[in-house]
$ cat protein07.txt   # compact mmCIF, C-alpha atoms
# COMPACT_ATOMS: atom_id res chain seq x y z
CA MET A 1 0.00 0.00 0.00
CA VAL A 2 2.84 2.41 0.83
CA ARG A 3 4.51 1.70 -2.52
CA ARG A 4 1.23 2.14 -4.45
CA GLY A 5 0.69 5.46 -2.66
CA ARG A 6 4.16 6.62 -3.68
CA VAL A 7 3.52 5.65 -7.29
CA LEU A 8 0.15 7.43 -7.27
CA ARG A 9 1.64 10.57 -5.80
CA ARG A 10 4.48 10.43 -8.36
CA GLY A 11 1.88 10.12 -11.18
CA LEU A 12 -0.06 13.09 -9.88
CA THR A 13 3.13 15.14 -9.62
CA VAL A 14 4.15 14.28 -13.21
CA GLY A 15 0.62 14.98 -14.45
CA SER A 16 0.52 18.33 -12.68
CA PHE A 17 3.87 19.26 -14.16
CA ALA A 18 2.61 18.34 -17.63
CA LEU A 19 -0.46 20.53 -17.19
CA VAL A 20 1.72 23.41 -16.09
CA VAL A 21 3.93 23.01 -19.12
CA LEU A 22 0.94 22.69 -21.43
CA PHE A 23 -1.15 25.62 -20.27
CA GLY A 24 1.64 27.74 -18.82
CA ALA A 25 1.53 30.12 -15.87
CA ALA A 26 0.06 33.60 -15.84
CA GLY A 27 2.48 36.13 -17.17
CA THR A 28 4.79 33.58 -18.91
CA GLY A 29 3.68 34.56 -22.42
CA LEU A 30 2.65 30.97 -23.49
CA ALA A 31 -0.62 30.90 -25.52
CA VAL A 32 -3.17 28.05 -25.62
CA PRO A 33 -2.80 26.06 -28.92
CA PRO A 34 -5.55 26.75 -31.44
CA PRO A 35 -8.27 24.09 -31.66
CA PRO A 36 -8.06 21.53 -34.44
CA PRO A 37 -10.27 22.05 -37.52
CA ASN A 38 -13.87 21.21 -36.85
CA PRO A 39 -15.31 19.77 -40.06
CA SER A 40 -18.92 20.47 -40.82
CA ASP A 41 -21.55 17.80 -41.12
CA SER A 42 -21.44 18.26 -44.89
CA GLU A 43 -17.68 17.58 -44.99
CA LEU A 44 -18.07 14.50 -42.80
CA ASN A 45 -20.88 13.11 -44.93
CA SER A 46 -18.94 13.82 -48.10
CA SER A 47 -15.81 12.05 -46.78
CA LYS A 48 -17.87 9.06 -45.61
CA ALA A 49 -19.53 8.83 -49.05
CA ALA A 50 -16.08 8.92 -50.73
CA ALA A 51 -14.83 6.18 -48.38
CA ASN A 52 -17.89 4.03 -49.11
CA GLU A 53 -17.38 4.51 -52.85
CA LYS A 54 -13.74 3.43 -52.60
CA ALA A 55 -14.75 0.50 -50.43
CA GLY A 56 -17.18 -0.57 -53.15
CA GLU A 57 -14.44 -0.39 -55.75
CA VAL A 58 -12.11 -2.43 -53.57
CA GLY A 59 -14.81 -5.05 -53.06
CA LYS A 60 -15.43 -5.26 -56.79
CA LEU A 61 -11.73 -5.59 -57.55
CA THR A 62 -11.29 -8.14 -54.76
CA ASN A 63 -14.04 -10.27 -56.27
CA GLN A 64 -12.49 -9.99 -59.74
CA LEU A 65 -9.07 -10.85 -58.34
CA ALA A 66 -10.46 -13.88 -56.47
CA GLN A 67 -12.00 -15.17 -59.70
CA ALA A 68 -8.74 -14.48 -61.54
CA GLU A 69 -6.73 -16.31 -58.87
CA GLN A 70 -9.07 -19.29 -59.14
CA LYS A 71 -8.61 -19.30 -62.90
CA LEU A 72 -4.84 -19.02 -62.47
CA SER A 73 -4.88 -21.97 -60.07
CA SER A 74 -6.80 -24.01 -62.65
CA LEU A 75 -4.30 -22.99 -65.34
CA GLN A 76 -1.45 -24.00 -63.02
CA ASP A 77 -3.02 -27.45 -62.65
CA ASP A 78 -3.31 -27.62 -66.44
CA VAL A 79 0.36 -26.67 -66.84
CA GLU A 80 1.34 -29.38 -64.34
CA LEU A 81 -0.78 -31.90 -66.25
CA LYS A 82 0.82 -30.89 -69.55
CA GLN A 83 4.25 -31.17 -67.94
CA GLU A 84 3.48 -34.70 -66.78
CA GLN A 85 2.10 -35.60 -70.21
CA ALA A 86 5.30 -34.23 -71.75
CA MET A 87 7.28 -36.40 -69.33
CA LYS A 88 5.16 -39.44 -70.32
CA ALA A 89 5.76 -38.67 -74.00
CA LEU A 90 9.50 -38.40 -73.32
CA VAL A 91 9.54 -41.76 -71.51
CA ASP A 92 7.50 -43.40 -74.29
CA LEU A 93 9.78 -41.91 -76.96
CA GLN A 94 12.87 -43.28 -75.23
CA SER A 95 11.23 -46.72 -75.03
CA ALA A 96 10.25 -46.56 -78.73
CA GLN A 97 13.78 -45.54 -79.71
CA ASP A 98 15.24 -48.45 -77.74
CA ALA A 99 12.76 -50.86 -79.39
CA ALA A 100 13.57 -49.49 -82.85
CA SER A 101 17.29 -49.87 -82.19
CA GLN A 102 16.82 -53.51 -81.11
CA ALA A 103 14.62 -54.20 -84.16
CA GLU A 104 17.24 -52.66 -86.44
CA ASP A 105 19.96 -54.89 -84.94
CA ALA A 106 17.71 -57.95 -85.40
CA ALA A 107 16.98 -56.98 -89.01
CA LYS A 108 20.69 -56.58 -89.75
CA SER A 109 21.43 -60.00 -88.23
CA ALA A 110 18.60 -61.64 -90.22
CA ARG A 111 19.80 -59.95 -93.41
CA THR A 112 23.35 -61.20 -92.79
CA GLN A 113 22.11 -64.77 -92.25
CA ALA A 114 19.98 -64.62 -95.40
CA ASP A 115 22.94 -63.34 -97.42
CA ALA A 116 25.17 -66.12 -96.02
CA ALA A 117 22.55 -68.75 -96.94
CA ALA A 118 22.29 -67.33 -100.45
CA GLY A 119 26.11 -67.48 -100.81
CA ALA A 120 26.19 -71.12 -99.68
CA ILE A 121 23.48 -72.04 -102.19
CA GLU A 122 25.31 -70.27 -104.99
CA LYS A 123 28.50 -72.17 -104.17
CA ALA A 124 26.58 -75.48 -104.05
CA ARG A 125 25.00 -74.71 -107.40
CA GLN A 126 28.42 -73.99 -108.88
CA ASP A 127 29.80 -77.27 -107.52
CA LEU A 128 26.82 -79.14 -108.98
CA LYS A 129 27.34 -77.49 -112.37
CA GLU A 130 31.00 -78.46 -112.36
CA PHE A 131 30.07 -82.01 -111.41
CA ALA A 132 27.47 -82.20 -114.21
CA ALA A 133 29.90 -80.68 -116.73
CA ALA A 134 32.63 -83.16 -115.84
CA SER A 135 30.17 -86.04 -116.15
CA PHE A 136 29.02 -84.79 -119.56
CA GLU A 137 32.58 -84.46 -120.85
CA GLN A 138 33.31 -88.02 -119.72
CA GLY A 139 30.07 -89.33 -121.29
CA SER A 140 28.75 -90.44 -117.95
CA THR A 141 26.27 -89.11 -115.38
CA VAL A 142 28.29 -90.25 -112.41
CA GLY A 143 31.31 -88.00 -112.61
CA SER A 144 34.55 -89.44 -113.93
CA ILE A 145 35.19 -92.34 -116.38
CA SER A 146 38.47 -93.04 -114.58
CA ALA A 147 36.48 -94.44 -111.73
CA TYR A 148 35.29 -97.21 -114.05
CA LEU A 149 38.54 -97.84 -115.91
CA THR A 150 40.42 -98.64 -112.70
CA SER A 151 37.86 -101.25 -111.56
CA ASP A 152 39.22 -104.83 -111.10
CA SER A 153 35.98 -106.64 -111.89
CA PRO A 154 32.39 -106.07 -113.14
CA LYS A 155 31.24 -106.36 -109.54
CA ASP A 156 33.69 -103.66 -108.47
CA LEU A 157 32.64 -101.53 -111.41
CA LEU A 158 28.98 -101.77 -110.38
CA ALA A 159 29.81 -100.82 -106.75
CA ARG A 160 31.74 -97.75 -107.86
CA ALA A 161 28.90 -96.69 -110.14
CA GLN A 162 26.48 -96.90 -107.24
CA ILE A 163 28.84 -94.86 -105.03
CA LEU A 164 29.26 -92.13 -107.64
CA ASP A 165 25.53 -92.04 -108.29
CA SER A 166 24.93 -91.71 -104.56
CA ILE A 167 27.41 -88.82 -104.39
CA GLY A 168 25.54 -87.03 -107.18
CA GLY A 169 22.24 -87.58 -105.39
CA SER A 170 23.64 -86.32 -102.07
CA ARG A 171 24.73 -83.14 -103.78
CA LEU A 172 21.20 -82.64 -105.03
CA ASN A 173 19.80 -83.34 -101.53
CA ALA A 174 22.27 -80.94 -99.96
CA LEU A 175 21.22 -78.31 -102.46
CA ASP A 176 17.58 -78.87 -101.51
CA ARG A 177 18.42 -78.46 -97.82
CA LEU A 178 20.33 -75.28 -98.48
CA GLN A 179 17.44 -73.87 -100.47
CA GLN A 180 15.06 -74.69 -97.60
CA ALA A 181 17.42 -72.98 -95.15
CA GLN A 182 17.57 -69.95 -97.44
CA THR A 183 13.76 -69.85 -97.50
CA ASP A 184 13.62 -69.96 -93.68
CA LYS A 185 16.24 -67.26 -93.30
CA SER A 186 14.56 -65.12 -95.95
CA ASN A 187 11.28 -65.46 -94.03
CA LYS A 188 13.04 -64.41 -90.83
CA ASP A 189 14.64 -61.54 -92.70
CA ALA A 190 11.24 -60.40 -93.97
CA ALA A 191 9.72 -60.71 -90.48
CA ALA A 192 12.60 -58.76 -88.97
CA ARG A 193 12.28 -56.00 -91.55
CA LYS A 194 8.54 -55.87 -90.91
CA ALA A 195 9.17 -55.64 -87.16
CA LEU A 196 11.66 -52.86 -87.85
CA ASP A 197 9.06 -50.99 -89.90
CA VAL A 198 6.53 -51.34 -87.07
CA ALA A 199 9.11 -50.20 -84.49
CA GLN A 200 10.06 -47.21 -86.64
CA GLN A 201 6.38 -46.33 -87.07
CA LYS A 202 5.91 -46.48 -83.29
CA GLN A 203 9.03 -44.38 -82.86
CA GLU A 204 7.65 -41.79 -85.27
CA ALA A 205 4.28 -41.86 -83.50
CA ALA A 206 6.04 -41.37 -80.16
CA ARG A 207 8.06 -38.53 -81.63
CA GLN A 208 4.88 -36.87 -82.90
CA ALA A 209 3.22 -37.43 -79.49
CA LYS A 210 6.22 -35.77 -77.84
CA SER A 211 5.95 -32.84 -80.25
CA GLY A 212 2.22 -32.56 -79.58
CA ALA A 213 2.77 -32.72 -75.81
CA ASP A 214 5.42 -30.01 -76.02
CA ALA A 215 3.09 -27.82 -78.09
CA ALA A 216 0.22 -28.38 -75.65
CA GLN A 217 2.51 -27.51 -72.77
CA ALA A 218 3.64 -24.34 -74.54
CA ASP A 219 -0.01 -23.33 -75.07
CA ALA A 220 -0.78 -23.99 -71.40
CA VAL A 221 2.22 -21.96 -70.30
CA GLN A 222 1.22 -19.09 -72.60
CA ALA A 223 -2.30 -19.12 -71.15
CA GLN A 224 -0.89 -19.17 -67.62
CA GLN A 225 1.47 -16.28 -68.37
CA ALA A 226 -1.36 -14.23 -69.89
CA GLN A 227 -3.52 -14.89 -66.83
CA THR A 228 -0.60 -14.02 -64.54
CA SER A 229 -0.20 -10.68 -66.35
CA GLN A 230 -3.93 -10.00 -65.98
CA ASN A 231 -3.76 -10.89 -62.29
CA GLN A 232 -0.84 -8.53 -61.80
CA GLN A 233 -2.79 -5.72 -63.45
CA LEU A 234 -5.81 -6.43 -61.26
CA GLN A 235 -3.60 -6.57 -58.21
CA ALA A 236 -2.00 -3.24 -59.14
CA SER A 237 -5.43 -1.64 -59.62
CA LYS A 238 -6.65 -3.12 -56.35
CA SER A 239 -3.56 -1.84 -54.53
CA SER A 240 -4.07 1.65 -55.95
CA VAL A 241 -7.73 1.80 -54.96
CA GLU A 242 -6.91 0.33 -51.55
CA GLN A 243 -4.49 3.21 -50.98
CA GLN A 244 -7.23 5.66 -51.94
CA LEU A 245 -9.63 3.84 -49.64
CA TYR A 246 -7.16 3.99 -46.80
CA ALA A 247 -6.70 7.74 -47.32
CA ALA A 248 -10.48 8.27 -47.39
CA GLN A 249 -10.99 6.15 -44.28
CA SER A 250 -8.18 8.00 -42.49
CA LYS A 251 -9.93 11.28 -43.28
CA VAL A 252 -13.03 10.05 -41.44
CA ASN A 253 -11.07 8.29 -38.65
CA GLY A 254 -8.14 5.96 -38.24
CA LEU A 255 -10.08 3.05 -36.87
CA GLN A 256 -10.80 1.32 -40.16
CA GLY A 257 -7.18 1.57 -41.12
CA GLN A 258 -6.15 0.10 -37.79
CA ARG A 259 -8.67 -2.72 -38.27
CA GLN A 260 -7.26 -3.50 -41.72
CA ARG A 261 -3.75 -3.68 -40.33
CA TYR A 262 -4.99 -5.86 -37.50
CA GLN A 263 -6.71 -8.22 -39.97
CA ASP A 264 -3.51 -8.46 -41.98
CA TRP A 265 -1.68 -9.30 -38.75
CA VAL A 266 -4.30 -11.92 -37.83
CA ALA A 267 -3.97 -13.56 -41.25
CA GLN A 268 -0.18 -13.67 -40.91
CA LYS A 269 -0.42 -15.03 -37.37
CA GLN A 270 -2.90 -17.68 -38.52
CA ARG A 271 -0.46 -18.82 -41.19
CA GLU A 272 2.32 -18.99 -38.61
CA ASP A 273 0.10 -20.95 -36.21
CA GLU A 274 -0.82 -23.38 -38.98
CA ALA A 275 2.86 -23.84 -39.83
CA ARG A 276 3.66 -24.58 -36.17
CA ALA A 277 0.72 -26.98 -36.01
CA ARG A 278 1.99 -28.81 -39.10
CA GLN A 279 5.47 -29.09 -37.58
CA ALA A 280 4.01 -30.34 -34.32
CA ALA A 281 1.86 -32.89 -36.17
CA LEU A 282 4.87 -34.07 -38.15
CA ALA A 283 6.96 -34.36 -35.00
CA SER A 284 4.25 -36.28 -33.16
CA SER A 285 3.79 -38.75 -36.03
CA GLY A 286 7.48 -39.14 -36.78
CA GLY A 287 8.02 -42.39 -34.87
CA GLY A 288 4.61 -43.90 -34.45
CA GLY A 289 3.40 -44.51 -37.96
CA ARG A 290 -0.18 -44.12 -36.68
CA PRO A 291 -2.81 -44.39 -39.46
CA SER A 292 -5.31 -41.63 -40.07
CA SER A 293 -8.74 -41.67 -38.45
CA GLY A 294 -10.20 -42.38 -41.88
CA GLY A 295 -9.62 -46.13 -41.43
CA GLY A 296 -7.33 -48.57 -43.18
CA GLY A 297 -6.01 -50.14 -39.94
CA ARG A 298 -2.41 -50.45 -38.88
CA PRO A 299 0.15 -51.90 -41.29
CA SER A 300 1.97 -55.04 -40.24
CA PRO A 301 5.18 -54.52 -38.16
CA GLY A 302 7.40 -55.52 -41.08
CA ALA A 303 5.51 -53.26 -43.44
CA GLY A 304 5.64 -50.44 -40.88
CA SER A 305 9.43 -50.49 -40.82
CA SER A 306 9.48 -50.22 -44.60
CA ILE A 307 6.93 -47.40 -44.48
CA GLU A 308 9.02 -45.49 -41.94
CA SER A 309 12.10 -46.02 -44.12
CA VAL A 310 10.23 -44.63 -47.15
CA ILE A 311 8.97 -41.62 -45.17
CA ALA A 312 12.39 -41.00 -43.66
CA ARG A 313 13.92 -40.91 -47.15
CA ALA A 314 11.29 -38.42 -48.35
CA LEU A 315 11.62 -36.18 -45.27
CA SER A 316 15.42 -36.18 -45.61
CA GLN A 317 14.94 -34.03 -48.73
CA LEU A 318 12.91 -31.24 -47.08
CA GLY A 319 14.02 -27.87 -48.42
CA ARG A 320 15.50 -29.40 -51.58
CA PRO A 321 14.68 -27.28 -54.68
CA TYR A 322 12.00 -28.38 -57.12
CA ALA A 323 13.53 -29.31 -60.48
CA TRP A 324 11.28 -30.60 -63.28
CA GLY A 325 12.51 -34.02 -64.42
CA GLY A 326 14.85 -34.24 -61.42
CA GLY A 327 15.34 -37.12 -59.00
CA ASN A 328 16.07 -40.83 -59.21
CA GLY A 329 16.58 -43.75 -56.84
CA SER A 330 19.96 -42.40 -55.73
CA GLY A 331 18.84 -38.87 -54.89
CA PRO A 332 18.35 -35.44 -56.46
CA THR A 333 19.48 -34.86 -60.04
CA ARG A 334 19.68 -31.90 -62.40
CA GLY A 335 16.34 -30.85 -63.91
CA ILE A 336 15.67 -30.87 -67.65
CA HIS A 337 14.30 -28.38 -70.17
CA ASP A 338 10.56 -28.25 -70.67
CA GLY A 339 10.30 -25.20 -72.94
CA GLY A 340 7.97 -23.46 -70.49
CA VAL A 341 7.52 -22.88 -66.77
CA ALA A 342 10.43 -25.05 -65.64
CA ASP A 343 12.78 -23.23 -68.01
CA MET A 344 11.41 -19.89 -66.78
CA TYR A 345 12.48 -20.86 -63.25
CA GLY A 346 15.79 -22.32 -64.46
CA ASP A 347 15.00 -25.88 -63.33
CA TYR A 348 17.56 -27.27 -65.77
CA ARG A 349 20.24 -25.56 -63.68
CA LYS A 350 18.95 -26.88 -60.35
CA ILE A 351 19.69 -30.12 -58.51
CA GLY A 352 16.47 -31.42 -56.98
CA PHE A 353 13.23 -33.36 -57.46
CA ASP A 354 9.91 -33.06 -59.21
CA CYS A 355 6.82 -34.68 -57.66
CA SER A 356 7.26 -38.14 -59.21
CA GLY A 357 11.06 -38.01 -58.83
CA LEU A 358 10.65 -37.61 -55.06
CA MET A 359 8.47 -40.75 -55.00
CA ILE A 360 11.12 -42.66 -57.00
CA TYR A 361 13.72 -41.76 -54.36
CA ALA A 362 11.41 -42.44 -51.38
CA PHE A 363 10.42 -45.94 -52.60
CA ALA A 364 13.82 -46.86 -54.08
CA GLY A 365 14.38 -49.54 -51.46
CA VAL A 366 10.91 -51.03 -52.05
CA ARG A 367 10.14 -50.82 -55.76
CA ALA A 368 11.46 -49.07 -58.87
CA LEU A 369 8.89 -46.54 -60.07
CA PRO A 370 8.59 -44.86 -63.51
CA HIS A 371 9.23 -41.13 -63.72
CA TYR A 372 5.59 -40.26 -64.49
CA SER A 373 2.86 -39.72 -61.89
CA GLY A 374 0.22 -41.30 -64.16
CA TYR A 375 2.13 -44.60 -64.23
CA GLN A 376 2.82 -44.37 -60.49
CA TYR A 377 -0.95 -44.12 -59.84
CA THR A 378 -1.38 -47.66 -61.23
CA SER A 379 1.84 -49.08 -59.76
CA GLY A 380 0.25 -50.56 -56.63
CA ARG A 381 -2.98 -51.43 -54.85
CA ARG A 382 -5.49 -48.59 -54.89
CA VAL A 383 -7.50 -47.91 -51.74
CA PRO A 384 -10.31 -45.37 -51.10
CA LEU A 385 -9.20 -42.09 -49.54
CA SER A 386 -11.29 -42.96 -46.47
CA GLN A 387 -8.85 -45.84 -45.87
CA MET A 388 -5.60 -44.05 -46.70
CA ARG A 389 -2.80 -44.46 -44.20
CA ARG A 390 0.76 -43.37 -43.58
CA GLY A 391 3.04 -44.28 -46.49
CA ASP A 392 0.35 -44.20 -49.24
CA MET A 393 0.75 -42.06 -52.36
CA LEU A 394 -1.89 -39.39 -53.05
CA PHE A 395 -2.63 -38.07 -56.55
CA TRP A 396 -4.29 -35.05 -58.15
CA GLY A 397 -5.81 -34.89 -61.61
CA GLY A 398 -9.02 -35.35 -63.56
CA SER A 399 -10.38 -36.71 -66.80
CA GLY A 400 -7.28 -35.44 -68.62
CA GLY A 401 -4.91 -37.49 -66.45
CA ILE A 402 -2.73 -37.22 -63.34
CA HIS A 403 -0.63 -34.11 -62.78
CA HIS A 404 0.71 -34.39 -59.19
CA VAL A 405 1.68 -36.94 -56.54
CA ALA A 406 2.59 -36.66 -52.83
CA LEU A 407 3.37 -39.02 -49.93
CA TYR A 408 0.84 -39.20 -47.08
CA LEU A 409 2.34 -38.86 -43.57
CA GLY A 410 -0.80 -39.40 -41.50
CA GLY A 411 -2.62 -36.85 -39.39
CA GLY A 412 -3.78 -34.94 -42.48
CA GLN A 413 -0.19 -34.12 -43.50
CA MET A 414 1.82 -34.97 -46.62
CA VAL A 415 5.29 -34.36 -48.09
CA GLU A 416 5.58 -33.19 -51.69
CA ALA A 417 7.71 -31.47 -54.32
CA PRO A 418 5.04 -28.93 -55.35
CA GLN A 419 6.08 -26.96 -58.44
CA SER A 420 8.81 -24.90 -60.10
CA GLY A 421 10.14 -22.13 -57.87
CA SER A 422 9.33 -24.05 -54.68
CA TYR A 423 10.96 -26.63 -52.43
CA VAL A 424 10.23 -30.07 -51.00
CA ARG A 425 7.91 -29.41 -48.05
CA VAL A 426 5.44 -30.83 -45.52
CA THR A 427 1.93 -29.41 -45.83
CA ALA A 428 -1.71 -30.21 -45.11
CA VAL A 429 -3.47 -32.53 -47.58
CA ARG A 430 -5.32 -30.55 -50.28
CA TYR A 431 -8.61 -32.16 -51.22
CA GLY A 432 -9.41 -29.95 -54.22
CA GLY A 433 -8.84 -32.01 -57.36
CA ILE A 434 -7.56 -35.03 -55.41
CA MET A 435 -8.09 -38.46 -56.97
CA PRO A 436 -10.59 -40.74 -55.17
CA TYR A 437 -8.01 -43.45 -54.47
CA ALA A 438 -4.61 -43.59 -52.81
CA THR A 439 -1.96 -46.01 -54.11
CA ARG A 440 -0.41 -48.41 -51.59
CA LEU A 441 2.89 -50.15 -52.30
CA ILE A 442 3.56 -51.47 -48.79
CA GLY A 443 1.23 -53.57 -46.60
$ encode --input "protein07.txt" --output "structure tokens"
Amino acid sequence: MVRRGRVLRRGLTVGSFALVVLFGAAGTGLAVPPPPPNPSDSELNSSKAAANEKAGEVGKLTNQLAQAEQKLSSLQDDVELKQEQAMKALVDLQSAQDAASQAEDAAKSARTQADAAAGAIEKARQDLKEFAAASFEQGSTVGSISAYLTSDSPKDLLARAQILDSIGGSRLNALDRLQQAQTDKSNKDAAARKALDVAQQKQEAARQAKSGADAAQADAVQAQQAQTSQNQQLQASKSSVEQQLYAAQSKVNGLQGQRQRYQDWVAQKQREDEARARQAALASSGGGGRPSSGGGGRPSPGAGSSIESVIARALSQLGRPYAWGGGNGSGPTRGIHDGGVADMYGDYRKIGFDCSGLMIYAFAGVRALPHYSGYQYTSGRRVPLSQMRRGDMLFWGGSGGIHHVALYLGGGQMVEAPQSGSYVRVTAVRYGGIMPYATRLIG
């Protein structure tokens, strides 16, 4: 009580001193400050009307910007889909080129065998001609007259005639066998050349598909860039009118401006709280492998250890840059050119992962996955989202195909490599555009 009394007396003393300084003492020469401007009712009403008008403009622009942002998000999904389709076309083209190369080698081998068979037949024909010519010159059909002249008896003569006749017949039989072999090898040669034609046609079709996918991706990127430019213009207009609104509101009073700043602070704080909640959820689920409340049950102990190994591999790459086309079973790799968004962000200069590349690395110890999210969607057992559990793969897409994949961590959280310009991160599961099934490789 004594201390509070001292503080109160000190406050009164300071306050009294301030009043003395403010109003002055008689005879000091200090004048009372003039009163602030007192706006008329007409001025107040006019300023309030101006503020309301600016507020209406801001609301209109905010609505337009929200619609534009939604459209931009849809275009971003389309760009991601086109990127994945371009990746699929690239994978298919590489496979077609390998098949065409193998078919070409087989055709060359078959051609070589056919040529060798033809050479053997030609040599056999030449030998047969020489045999026939020698027999004709000797006046006999069995080869050489000397074989008869050196015979000791008619019986020996007859035996030698039979031998020579048999030799002539064997040459004819050998020629028949060679001709049959040539026919077989020619058939194989024709089949190999036909297979080569088919492989080359598939290669050309894959090349055209790759070209079409690249063109579609370029169109999607152009549409996204145009929408981005429009959004920037809307945002600039909205910012300008917001400044005018703030000035008009400040003219009436400063409360609305303070409220706006407070709302901005609340939004930022909410984002920070959500980030802390995600980190806490990730930390709490890091060792337990508990399944989500949506069902699916617990994986078997052996499967759980594999799941935790997969998740540990994925989480070890948090903060790694996104690089389109990057990532394999050994880790991050340099991104590749896509002729669009990825090039705009310089992905081909970055070492990192794209969405499907991160899954390849995470599951490297379990199964080799293709570098295309659409193929990964069908790489395992599909389960309804209500039964998804820790370690399942989640996908986003639509009727046009799959354009994104992430790894479910449980507790409504997932780890993903989102898009160009971003990094591998843990975030809450997004249910907009998510596919109705998760893909399970373990358990």
$ residues_around --input "protein07.txt" --residues "range 45-62 of chain A" --least-positions-apart "2" --cutoff "6 Å" --atoms "only C-alpha atoms" --output "list of chain:residue names"
A:Ser42, A:Glu43, A:Gln64, A:Leu65, A:Lys238, A:Leu245, A:Ala248, A:Gln249
$ closest_residue --input "protein07.txt" --among "A:Leu315, A:Ala192, A:Met87, A:Ala174" --to "Ala103 in chain A" --atoms "only C-alpha atoms"
A:Ala192
$ closest_residue --input "protein07.txt" --among "A:Ile336, A:Ala118, A:Ala191, A:Leu394" --to "Lys350 in chain A" --atoms "all atoms listed in the file"
A:Ile336
$ residues_near_point --input "protein07.txt" --point "(-2.4, -37.3, -61.9)" --cutoff "9 Å" --atoms "all atoms listed in the file" --output "mmCIF file with C-alpha atoms, keeping the file's coordinate frame"
data_model
loop_
_atom_site.group_PDB
_atom_site.id
_atom_site.type_symbol
_atom_site.label_atom_id
_atom_site.label_comp_id
_atom_site.auth_asym_id
_atom_site.auth_seq_id
_atom_site.Cartn_x
_atom_site.Cartn_y
_atom_site.Cartn_z
ATOM 1 C CA LEU A 81 -0.780 -31.900 -66.250
ATOM 2 C CA GLU A 84 3.480 -34.700 -66.780
ATOM 3 C CA TYR A 372 5.590 -40.260 -64.490
ATOM 4 C CA SER A 373 2.860 -39.720 -61.890
ATOM 5 C CA GLY A 374 0.220 -41.300 -64.160
ATOM 6 C CA TYR A 375 2.130 -44.600 -64.230
ATOM 7 C CA GLN A 376 2.820 -44.370 -60.490
ATOM 8 C CA TYR A 377 -0.950 -44.120 -59.840
ATOM 9 C CA PHE A 395 -2.630 -38.070 -56.550
ATOM 10 C CA TRP A 396 -4.290 -35.050 -58.150
ATOM 11 C CA GLY A 397 -5.810 -34.890 -61.610
ATOM 12 C CA GLY A 398 -9.020 -35.350 -63.560
ATOM 13 C CA GLY A 400 -7.280 -35.440 -68.620
ATOM 14 C CA GLY A 401 -4.910 -37.490 -66.450
ATOM 15 C CA ILE A 402 -2.730 -37.220 -63.340
ATOM 16 C CA HIS A 403 -0.630 -34.110 -62.780
ATOM 17 C CA HIS A 404 0.710 -34.390 -59.190
ATOM 18 C CA VAL A 405 1.680 -36.940 -56.540
ATOM 19 C CA ILE A 434 -7.560 -35.030 -55.410
ATOM 20 C CA MET A 435 -8.090 -38.460 -56.970
#
$ closest_residue --input "protein07.txt" --among "A:Asp392, A:Asp105, A:Asp92, A:Asp354" --to "Pro418 in chain A" --atoms "all atoms listed in the file"
A:Asp354
$ decode --input "protein07.txt" --residues "range 217-233 of chain A" --atoms "C-alpha atoms" --output "compact mmCIF listing (two decimals), in the first residue's frame"
# COMPACT_ATOMS: atom_id res chain seq x y z
CA GLN A 217 2.51 -27.51 -72.77
CA ALA A 218 3.64 -24.34 -74.54
CA ASP A 219 -0.01 -23.33 -75.07
CA ALA A 220 -0.78 -23.99 -71.40
CA VAL A 221 2.22 -21.96 -70.30
CA GLN A 222 1.22 -19.09 -72.60
CA ALA A 223 -2.30 -19.12 -71.15
CA GLN A 224 -0.89 -19.17 -67.62
CA GLN A 225 1.47 -16.28 -68.37
CA ALA A 226 -1.36 -14.23 -69.89
CA GLN A 227 -3.52 -14.89 -66.83
CA THR A 228 -0.60 -14.02 -64.54
CA SER A 229 -0.20 -10.68 -66.35
CA GLN A 230 -3.93 -10.00 -65.98
CA ASN A 231 -3.76 -10.89 -62.29
CA GLN A 232 -0.84 -8.53 -61.80
CA GLN A 233 -2.79 -5.72 -63.45
